[in-house]
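Please read the structure below before turning to the comments.
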Amino acid sequence: MAPGAGYDVLVLGEVLVEIHAGTALRDAADGTPARISYSGDALNAAAAAAAAGAWTALLTVVGDDELSVPLLHRAAELGVDVSHVRRAPRPNGAYLLASDTEGDRAFVYWRTHSAGSTLSTRHVESWRSLLTGTKALITSGITGALSPSSRDAVVAAAGTVYDAGGHVSYDPNFRPRLTGRAEARELLARMAPLTGLLKTSCPADAQALVGTGEPRAAAARYRALGARTVVVTAGAGRLLLDDGTRADYHPVPVNPAPVDATGAGDCFTGTATARLALGDRLADAVAYGTAAASISVSGRGGTGRVPAFPETAALAAAHAANRCTGGRG
């Protein structure tokens with residue numbers, strides 16, 4: 001970084017090796033073909049932020065195994081600065097999944113004692129100058145669920161950015177295979193007051209974390225915890241935006257040929273946060289986020305399809321025009 005310069009967006013979290021099965025997991029048999037790629041919610045969001053035009057860096061810990069080189073190469077290929085990534089004498093985390101167009105899937109993870117789980121406040125302190133100089137930080141409940149030290153790191157990083165006047169985007173991203181409901185709620189209570197944009201799913205996350213499957217009620221409960229703006233994804237076709245003055249549903253552009261919804265929520269968060277950091281109005285940033293997320297489901301895996309911003313902007317404009325004409329012509 002140049003002296004006095006600050007990143008538009010920093011993303012704190014875990015990068016994963018992604019193993020994409022060629023069939024439904026319950027049907028995976030000896031000889032089932034698979035494809036390796038690289039993902040994890042942090043990389044997905046960082047790639048989207050970079051594609052949306054933000055100067056973006058990844059704050060993570062990677063392992064010492066052979067896959068670290070292609071993993072970091074892929075992140076850099078996606079336009080993400082990896083010069084601040086730390087190393088640990090651990091393997092990288094990995095997960096197995098199958099394509100799913102609805103985003104309702106089960107993952108099989110291998111991440112116990114992973115390099116990413118060593119993330120700690122010691123790392124956050126080493127990144128302090130980056131965090132105090134950035135416009136925005138993205139992090140998640142998944143990162144906070146990796147280990148007690150990573151949970152403390154998430155809160156410390158968010159607090160550092162918040163205290164410096166920066167924006168924090170947070171996705172609770174509840175994963176029952178990673179953490180218990182009580183622990184996730186405790187982390188949410190600590191993070192919500194620091195959060196400028198909280199993106200969540202309903203009913204999945206909302207039911208577990210704030211006790212309701214109704215999007216408006218969920219948004220109100222997240223805001224009562226301290227989050228200033230809440231975005232609730234409520235199925236493939238609609239999104240609720242509650243900025244504290246009003247709570248309105250926004251239709252999402254439909255992808256006519258979806259392939260895999262993995263990472264679509266991360267793509268939304270990365271894109272919307274990037275555009276906020278670059279000075280766009282909230283409504284426009286959300287529109288760009290939904291457009292980018294819609295395009296992203298055309299690819300396999302979390303970073304299989306990361307749209308460049310001109311494509312995202314064109315879809316957002318076309319979707320807005322279509323809404324104004326009531327879908328005619």
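Labels for the structure tokens follow display order: chains A, B, ..., residues from 1 in each chain, ligands from 1.
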For this session: Find the residues around Leu131 (chain A) up to 12 Å (only C-alpha atoms counted), leave out those fewer than 3 positions away in its own chain, and share them as number ranges by chain.
Result: A: 5-12, 57-59, 84, 123-128, 134-138, 154, 156-168
Problem set entry | Exercise: region 195-212 of chain A partners within 10 Å, only C-alpha atoms, chain neighbours under 5 positions left out, as a PyMOL selection string | chain A and resi 104+136-138+140+158-159+162+166-176+180-186+188-190+217-223+225-235+239-243+265-266+268-269+272-273+276+282
Exercise. Tell me, which residues of region 9-96 of chain A carry DSSP strand (DSSP E or B), written as JSON, numbers by chain?
Worked result: {"A": [9, 10, 11, 12, 16, 17, 18, 19, 20, 21, 34, 35, 36, 37, 38, 39, 56, 57, 58, 59, 61, 62, 81, 86, 87, 94, 95, 96]}
Seminar exercise, completed: From the list A:Arg275, A:Arg246, A:Arg305, A:Arg238, the nearest residue to Ser37 (chain A) using only C-alpha atoms is A:Arg305
For this session: Can you list, as a PyMOL selection string, all residues belonging to region 43-200 of chain A that DSSP tags as helix (DSSP H, G or I)?
Result: chain A and resi 43-51+68-77+116-118+121-126+128-133+141-145+148-163+181-194
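Take the candidates A:Arg281, A:Arg111, A:Arg87, A:His250 and check each one against Val17 (chain A) using only C-alpha atoms; the shortest distance goes to A:Arg111.
CA of Gly244 (chain A) sits 26.7 Å away from CA of Thr312 (chain A).
Proximity of A:Glu66, A:Glu311, A:Asp152, A:Glu77 to Arg90 (chain A), computed with only C-alpha atoms, is greatest for A:Glu66.
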Can you tell me which residues surround His73 (chain A) at a distance of at most 12 Å, considering only C-alpha atoms, apart from same-chain residues fewer than 4 positions away, and format the answer as a short mmCIF file (atom, residue, chain, number, x, y, z; two decimals) with C-alpha atoms, in the first residue's frame?
data_model
loop_
_atom_site.label_atom_id
_atom_site.label_comp_id
_atom_site.auth_asym_id
_atom_site.auth_seq_id
_atom_site.Cartn_x
_atom_site.Cartn_y
_atom_site.Cartn_z
CA SER A 37 -11.61 -24.89 -7.09
CA TYR A 38 -11.22 -22.29 -4.35
CA LEU A 43 -12.86 -15.26 -0.94
CA LEU A 67 -2.61 -26.20 -2.24
CA SER A 68 -1.74 -22.82 -0.71
CA VAL A 69 0.10 -21.70 -3.85
CA GLU A 77 -6.30 -13.79 -10.36
CA LEU A 78 -9.68 -12.56 -9.11
CA GLY A 79 -8.20 -9.13 -8.41
CA VAL A 80 -7.79 -9.54 -4.65
CA ASP A 81 -4.63 -8.31 -2.90
CA VAL A 82 -3.14 -11.25 -0.96
CA SER A 83 0.01 -9.52 0.24
#
Exercise. What lies within 9 Å of Tyr288 (chain A) using only C-alpha atoms, ignoring chain neighbours under 3 positions off, as an NGL selection string?
Worked result: :A and (52 or 268 or 271-272 or 275 or 283-285 or 291-293 or 309 or 312-313 or 315-317)
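Closest approach to Pro91 (chain A) among A:Val15, A:Ser120, A:Gly40, A:Gly133 is made by A:Val15 (distances from only C-alpha atoms).
Candidate residues A:Ala54, A:Val259, A:Ala28, A:Gly13 were compared for distance to Asp280 (chain A), and the nearest is A:Ala54, using only C-alpha atoms.
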